[in-house]
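Next up, upload-v1.cif (mmCIF, C-alpha atoms and all ligand atoms):
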data_final
loop_
_atom_site.group_PDB
_atom_site.id
_atom_site.type_symbol
_atom_site.label_atom_id
_atom_site.label_comp_id
_atom_site.auth_asym_id
_atom_site.auth_seq_id
_atom_site.Cartn_x
_atom_site.Cartn_y
_atom_site.Cartn_z
ATOM 1 C CA MET A 12 141.947 107.609 105.848
ATOM 2 C CA ASP A 13 144.068 109.820 108.047
ATOM 3 C CA ILE A 14 147.522 109.425 106.502
ATOM 4 C CA THR A 15 149.188 110.915 109.600
ATOM 5 C CA LEU A 16 148.042 107.864 111.580
ATOM 6 C CA ILE A 17 149.987 105.597 109.251
ATOM 7 C CA GLN A 18 152.981 107.923 109.333
ATOM 8 C CA SER A 19 152.990 107.977 113.116
ATOM 9 C CA THR A 20 152.734 104.171 113.188
ATOM 10 C CA ILE A 21 155.792 103.953 110.933
ATOM 11 C CA THR A 22 157.664 106.574 112.946
ATOM 12 C CA GLY A 23 156.808 104.705 116.162
ATOM 13 C CA LEU A 24 158.073 101.398 114.787
ATOM 14 C CA LYS A 25 161.255 103.033 113.489
ATOM 15 C CA LEU A 26 161.854 104.538 116.930
ATOM 16 C CA ALA A 27 161.326 101.126 118.544
ATOM 17 C CA GLY A 28 163.879 99.687 116.088
ATOM 18 C CA ASP A 29 166.418 102.408 116.924
ATOM 19 C CA ILE A 30 165.947 101.773 120.641
ATOM 20 C CA ALA A 31 166.456 98.019 120.106
ATOM 21 C CA LYS A 32 169.714 98.718 118.179
ATOM 22 C CA GLY A 33 170.950 100.704 121.168
ATOM 23 C CA PHE A 34 170.664 97.570 123.375
ATOM 24 C CA LEU A 35 174.036 96.329 122.074
ATOM 25 C CA GLU A 36 175.847 99.280 123.673
ATOM 26 C CA LEU A 37 174.294 98.910 127.125
ATOM 27 C CA LYS A 38 176.616 98.163 130.048
ATOM 28 C CA SER A 39 174.470 97.753 133.164
ATOM 29 C CA ILE A 40 171.134 96.200 134.148
ATOM 30 C CA SER A 41 169.688 99.638 134.987
ATOM 31 C CA ASP A 42 170.627 100.818 131.471
ATOM 32 C CA VAL A 43 168.743 97.778 130.141
ATOM 33 C CA GLN A 44 165.667 98.503 132.298
ATOM 34 C CA GLY A 45 165.580 102.105 131.153
ATOM 35 C CA LYS A 46 165.804 101.033 127.525
ATOM 36 C CA VAL A 47 163.075 98.395 128.000
ATOM 37 C CA ILE A 48 160.687 101.049 129.328
ATOM 38 C CA GLU A 49 161.553 103.347 126.431
ATOM 39 C CA LEU A 50 161.025 100.485 123.994
ATOM 40 C CA GLN A 51 157.669 99.524 125.532
ATOM 41 C CA SER A 52 156.318 103.042 125.315
ATOM 42 C CA ALA A 53 157.467 103.359 121.679
ATOM 43 C CA ILE A 54 155.719 100.058 120.846
ATOM 44 C CA LEU A 55 152.530 101.129 122.655
ATOM 45 C CA ALA A 56 152.430 104.436 120.772
ATOM 46 C CA ALA A 57 152.908 102.628 117.449
ATOM 47 C CA GLN A 58 150.156 100.163 118.356
ATOM 48 C CA SER A 59 147.707 102.898 119.246
ATOM 49 C CA SER A 60 148.373 104.677 115.917
ATOM 50 C CA ALA A 61 147.875 101.397 114.076
ATOM 51 C CA LEU A 62 144.570 100.792 115.895
ATOM 52 C CA ALA A 63 143.347 104.298 115.138
ATOM 53 C CA ALA A 64 144.251 103.850 111.460
ATOM 54 C CA ASN A 65 142.389 100.553 111.480
ATOM 55 C CA SER A 66 139.205 102.009 112.948
ATOM 56 C CA ASP A 67 139.475 104.902 110.494
ATOM 57 C CA GLN A 68 139.541 102.395 107.678
ATOM 58 C CA ALA A 69 136.553 100.495 109.099
ATOM 59 C CA ALA A 70 134.571 103.748 109.264
ATOM 60 C CA MET A 71 135.446 104.463 105.637
ATOM 61 C CA VAL A 72 134.383 100.990 104.534
ATOM 62 C CA ASP A 73 131.052 101.599 106.321
ATOM 63 C CA GLU A 74 130.626 104.967 104.645
ATOM 64 C CA ILE A 75 131.373 103.528 101.194
ATOM 65 C CA ARG A 76 128.806 100.751 101.748
ATOM 66 C CA THR A 77 126.172 103.302 102.823
ATOM 67 C CA LEU A 78 126.911 105.471 99.776
ATOM 68 C CA LYS A 79 126.712 102.465 97.442
ATOM 69 C CA GLU A 80 123.318 101.564 98.881
ATOM 70 C CA GLU A 81 122.148 105.148 98.435
ATOM 71 C CA ILE A 82 123.343 105.207 94.805
ATOM 72 C CA ALA A 83 121.550 101.908 94.118
ATOM 73 C CA ARG A 84 118.365 103.297 95.681
ATOM 74 C CA VAL A 85 118.537 106.509 93.645
ATOM 75 C CA LYS A 86 119.186 104.571 90.420
ATOM 76 C CA ALA A 87 116.264 102.232 91.125
ATOM 77 C CA TRP A 88 113.995 105.195 91.812
ATOM 78 C CA GLU A 89 115.106 106.988 88.593
ATOM 79 C CA LYS A 90 113.981 103.897 86.704
ATOM 80 C CA GLN A 91 110.691 103.677 88.609
ATOM 81 C CA LYS A 92 109.739 107.346 88.369
ATOM 82 C CA ASN A 93 109.886 107.304 84.577
ATOM 83 C CA ARG A 94 107.122 104.711 84.546
ATOM 84 C CA TYR A 95 104.627 107.263 85.908
ATOM 85 C CA LYS A 96 102.980 110.382 84.579
ATOM 86 C CA LEU A 97 101.259 113.196 86.447
ATOM 87 C CA ILE A 98 97.576 113.258 85.530
ATOM 88 C CA THR A 99 94.132 114.272 86.761
ATOM 89 C CA PRO A 100 92.685 110.779 87.121
ATOM 90 C CA TRP A 101 88.989 111.610 87.392
ATOM 91 C CA THR A 102 88.073 114.682 85.374
ATOM 92 C CA THR A 103 84.392 113.885 85.636
ATOM 93 C CA TYR A 104 84.506 113.113 89.366
ATOM 94 C CA ALA A 105 87.023 115.451 90.985
ATOM 95 C CA ALA A 106 88.767 117.734 88.550
ATOM 96 C CA GLY A 107 91.213 119.081 91.142
ATOM 97 C CA SER A 108 92.767 115.780 92.139
ATOM 98 C CA ILE A 109 96.139 114.913 90.697
ATOM 99 C CA ALA A 110 98.301 111.831 91.062
ATOM 100 C CA TYR A 111 100.955 109.921 89.217
ATOM 101 C CA ALA A 112 99.491 107.088 87.151
ATOM 102 C CA LEU A 113 101.330 104.109 85.689
ATOM 103 C CA LYS A 114 101.964 104.649 81.958
ATOM 104 C CA GLU A 115 100.358 102.139 79.641
ATOM 105 C CA SER A 116 103.656 101.566 77.822
ATOM 106 C CA MET A 117 105.471 100.883 81.113
ATOM 107 C CA LYS A 118 102.873 98.640 82.749
ATOM 108 C CA GLU A 119 104.858 95.372 82.467
ATOM 109 C CA SER A 120 102.526 93.033 84.371
ATOM 110 C CA GLU A 121 101.128 95.585 86.820
ATOM 111 C CA PRO A 122 97.468 96.652 86.935
ATOM 112 C CA PRO A 123 96.621 100.366 86.606
ATOM 113 C CA HIS A 124 97.329 102.253 89.815
ATOM 114 C CA LEU A 125 98.095 105.700 91.178
ATOM 115 C CA ILE A 126 101.008 106.762 93.318
ATOM 116 C CA CYS A 127 101.312 109.613 95.796
ATOM 117 C CA THR A 128 102.658 112.945 94.481
ATOM 118 C CA LYS A 129 104.233 113.883 97.814
ATOM 119 C CA CYS A 130 106.051 110.565 98.152
ATOM 120 C CA TYR A 131 107.094 110.814 94.495
ATOM 121 C CA GLU A 132 108.742 114.171 95.248
ATOM 122 C CA ASP A 133 110.425 112.548 98.250
ATOM 123 C CA GLY A 134 111.872 109.852 95.988
ATOM 124 C CA ARG A 135 109.668 106.877 96.802
ATOM 125 C CA LYS A 136 106.758 105.020 95.287
ATOM 126 C CA SER A 137 103.644 104.754 97.470
ATOM 127 C CA ILE A 138 100.558 103.265 95.868
ATOM 128 C CA LEU A 139 97.311 105.099 96.698
ATOM 129 C CA ASN A 140 94.418 102.999 97.964
ATOM 130 C CA PRO A 141 90.712 103.852 97.988
ATOM 131 C CA LEU A 142 89.202 104.598 101.389
ATOM 132 C CA GLN A 143 85.599 105.291 102.212
ATOM 133 C CA SER A 144 84.421 107.557 105.008
ATOM 134 C CA SER A 145 81.239 106.797 106.994
ATOM 135 C CA ASP A 146 79.176 109.093 104.760
ATOM 136 C CA GLY A 147 80.366 107.200 101.696
ATOM 137 C CA ARG A 148 82.829 109.731 100.307
ATOM 138 C CA VAL A 149 85.706 107.941 98.602
ATOM 139 C CA VAL A 150 89.256 109.266 98.763
ATOM 140 C CA PHE A 151 92.516 107.761 97.602
ATOM 141 C CA SER A 152 94.938 107.610 100.486
ATOM 142 C CA CYS A 153 98.701 107.198 100.778
ATOM 143 C CA PRO A 154 99.684 104.473 103.266
ATOM 144 C CA VAL A 155 103.038 106.183 103.924
ATOM 145 C CA CYS A 156 102.471 109.952 104.271
ATOM 146 C CA LYS A 157 98.682 109.697 104.764
ATOM 147 C CA SER A 158 97.889 112.354 102.157
ATOM 148 C CA GLN A 159 94.520 111.916 100.545
ATOM 149 C CA ILE A 160 93.044 112.974 97.242
ATOM 150 C CA PRO A 161 89.285 113.306 96.849
ATOM 151 C CA THR A 162 87.619 111.356 94.073
ATOM 152 C CA GLY A 163 84.310 113.245 94.206
ATOM 153 C CA SER A 164 82.654 109.852 94.271
ATOM 154 C CA ARG A 165 80.417 108.209 96.883
ATOM 155 C CA TRP A 166 80.157 104.541 97.865
ATOM 156 C CA THR A 167 82.228 103.190 95.005
ATOM 157 C CA ALA A 168 85.766 104.022 94.014
ATOM 158 C CA PRO A 169 86.017 105.516 90.528
ATOM 159 C CA PRO A 170 88.052 103.509 88.035
ATOM 160 C CA VAL A 171 91.795 103.991 87.709
ATOM 161 C CA ALA A 172 93.277 103.790 84.232
ATOM 162 C CA TYR A 173 96.790 103.661 82.831
ATOM 163 C CA ALA A 174 98.201 107.036 81.857
ATOM 164 C CA PRO A 175 98.613 107.586 78.126
ATOM 165 C CA ASP A 176 102.219 108.265 77.024
HETATM 166 ZN ZN ZN B 201 102.584 109.682 100.231
#

Mind turning the file's structure into structure tokens?
Amino acid sequence: MDITLIQSTITGLKLAGDIAKGFLELKSISDVQGKVIELQSAILAAQSSALAANSDQAAMVDEIRTLKEEIARVKAWEKQKNRYKLITPWTTYAAGSIAYALKESMKESEPPHLICTKCYEDGRKSILNPLQSSDGRVVFSCPVCKSQIPTGSRWTAPPVAYAPD
């Protein structure tokens, strides 16, 4: 928060108080009118500082909420990413393909599956799904970034296993 906004609010209110004290010494109606105008402008300035401080605080509350969400997301991902291991899933089918596979020891109740290496590097889990082209070639495709890894297999998707630890 901008501390000068609070200071100028306090200064403005103090000035308004000093002006109000001066009312006791006024002799004529025109003196009073002059002081009223002075007082009004001091009050308006204090109000505008108070409003600015308020909106500053609201922006900070927003920023803190956003950061908390980001921290929660990063923590959740740290937990998730440790459940996977980088492997070559089909050495007999397509030796060059790599993906992250769910570790056997971390499976909980989930079936074996592969997740995208690009999305993994970007901090998210995207499960790869088999896709077949018209000539029967099967690839595993990421629904998020659309990257594909060849399986070297035709017509049927090769099996996916848990990764050993
Ligand atoms: Zn992806």

When the PyMOL selection byres (((chain A and resi 59-71) around 10) and not hetatm) is applied to the file above, which residues end up in the set, as a ChimeraX atom specification?
-> /A:12-23,54-58,72-77

Per residue of chain A within 9 Å of ligand ZN 201 (chain B), which atom pair is closest and at what distance in Å (one decimal), using all atoms listed in the file, listed by chain and increasing number, as a tab-separated table?
residue	atom	partner	partner_atom	distance
A:Ile126	CA	B:ZN201	ZN	7.7
A:Cys127	CA	B:ZN201	ZN	4.6
A:Thr128	CA	B:ZN201	ZN	6.6
A:Lys129	CA	B:ZN201	ZN	5.1
A:Cys130	CA	B:ZN201	ZN	4.1
A:Tyr131	CA	B:ZN201	ZN	7.4
A:Asp133	CA	B:ZN201	ZN	8.6
A:Arg135	CA	B:ZN201	ZN	8.4
A:Lys136	CA	B:ZN201	ZN	8.0
A:Ser137	CA	B:ZN201	ZN	5.7
A:Ile138	CA	B:ZN201	ZN	8.0
A:Leu139	CA	B:ZN201	ZN	7.8
A:Ser152	CA	B:ZN201	ZN	7.9
A:Cys153	CA	B:ZN201	ZN	4.6
A:Pro154	CA	B:ZN201	ZN	6.7
A:Val155	CA	B:ZN201	ZN	5.1
A:Cys156	CA	B:ZN201	ZN	4.1
A:Lys157	CA	B:ZN201	ZN	6.0
A:Ser158	CA	B:ZN201	ZN	5.7
A:Gln159	CA	B:ZN201	ZN	8.4

Work out how far atom CA of A:Trp166 is from atom CA of A:Ser108, in Å to one decimal.
->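 One can read the atom CA of A:Ser108 to atom CA of A:Trp166 distance as 17.8 Å.
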
Using all atoms listed in the file, which residues of stretch 109-148 of chain A come within 7 Å of stretch 79-101 of chain A, and what is the closest atom pair for each, with the distance in Å to one decimal? Give it as a Markdown table, sorted by chain and residue number.
| residue | atom | partner | partner_atom | distance |
| --- | --- | --- | --- | --- |
| A:Ile109 | CA | A:Thr99 | CA | 4.5 |
| A:Ala110 | CA | A:Leu97 | CA | 5.6 |
| A:Tyr111 | CA | A:Leu97 | CA | 4.3 |
| A:Ala112 | CA | A:Tyr95 | CA | 5.3 |
| A:Leu113 | CA | A:Tyr95 | CA | 4.6 |
| A:Lys114 | CA | A:Tyr95 | CA | 5.4 |
| A:Met117 | CA | A:Arg94 | CA | 5.4 |
| A:Gly134 | CA | A:Trp88 | CA | 6.6 |
| A:Arg135 | CA | A:Trp88 | CA | 6.8 |

Compile the contact shell of A:Thr167 as a ChimeraX atom specification: residues with an atom at most 12 Å away, counting only C-alpha atoms, same-chain residues fewer than 5 positions apart removed.
-> /A:104,141-144,146-151,162

Do you have the atom CA of A:Glu119-atom CA of A:Pro161 distance handy?
->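 Straight-line distance from atom CA of A:Glu119 to atom CA of A:Pro161 works out to 27.8 Å.
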
Nearby residues (only C-alpha atoms) at most 7 Å from A:Glu115, same-chain spacing under 4 positions excluded, as an MDAnalysis selection string | chainID A and resid 173:176

Take every atom of stretch 157-174 of chain A listed in the file, fit an axis-aligned box around them, add 3 Å per side, and give the centre and edge lengths in Å to one decimal as JSON.
{"center_x": 89.4, "center_y": 108.2, "center_z": 93.3, "size_x": 24.5, "size_y": 16.1, "size_z": 28.9}

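Here atom CA of A:Pro170 stands at a distance of 20.4 Å from atom CA of A:Ser145.
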
Could you check which of A:Val171, A:Gly45, A:Gly107, A:Leu50 is closest to A:Lys32, using all atoms listed in the file?
-> A:Leu50

Mind checking which residues fall within 8 Å of stretch 51-53 of chain A, counting all atoms listed in the file, ignoring those fewer than 6 positions away in the same chain, and posting them as a short mmCIF file (atom, residue, chain, number, x, y, z; two decimals) with C-alpha atoms, keeping the file's coordinate frame?
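In the end it all went to out_13.cif:
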data_model
loop_
_atom_site.label_atom_id
_atom_site.label_comp_id
_atom_site.auth_asym_id
_atom_site.auth_seq_id
_atom_site.Cartn_x
_atom_site.Cartn_y
_atom_site.Cartn_z
CA GLY A 23 156.81 104.70 116.16
CA LEU A 24 158.07 101.40 114.79
CA LEU A 26 161.85 104.54 116.93
CA ALA A 27 161.33 101.13 118.54
#
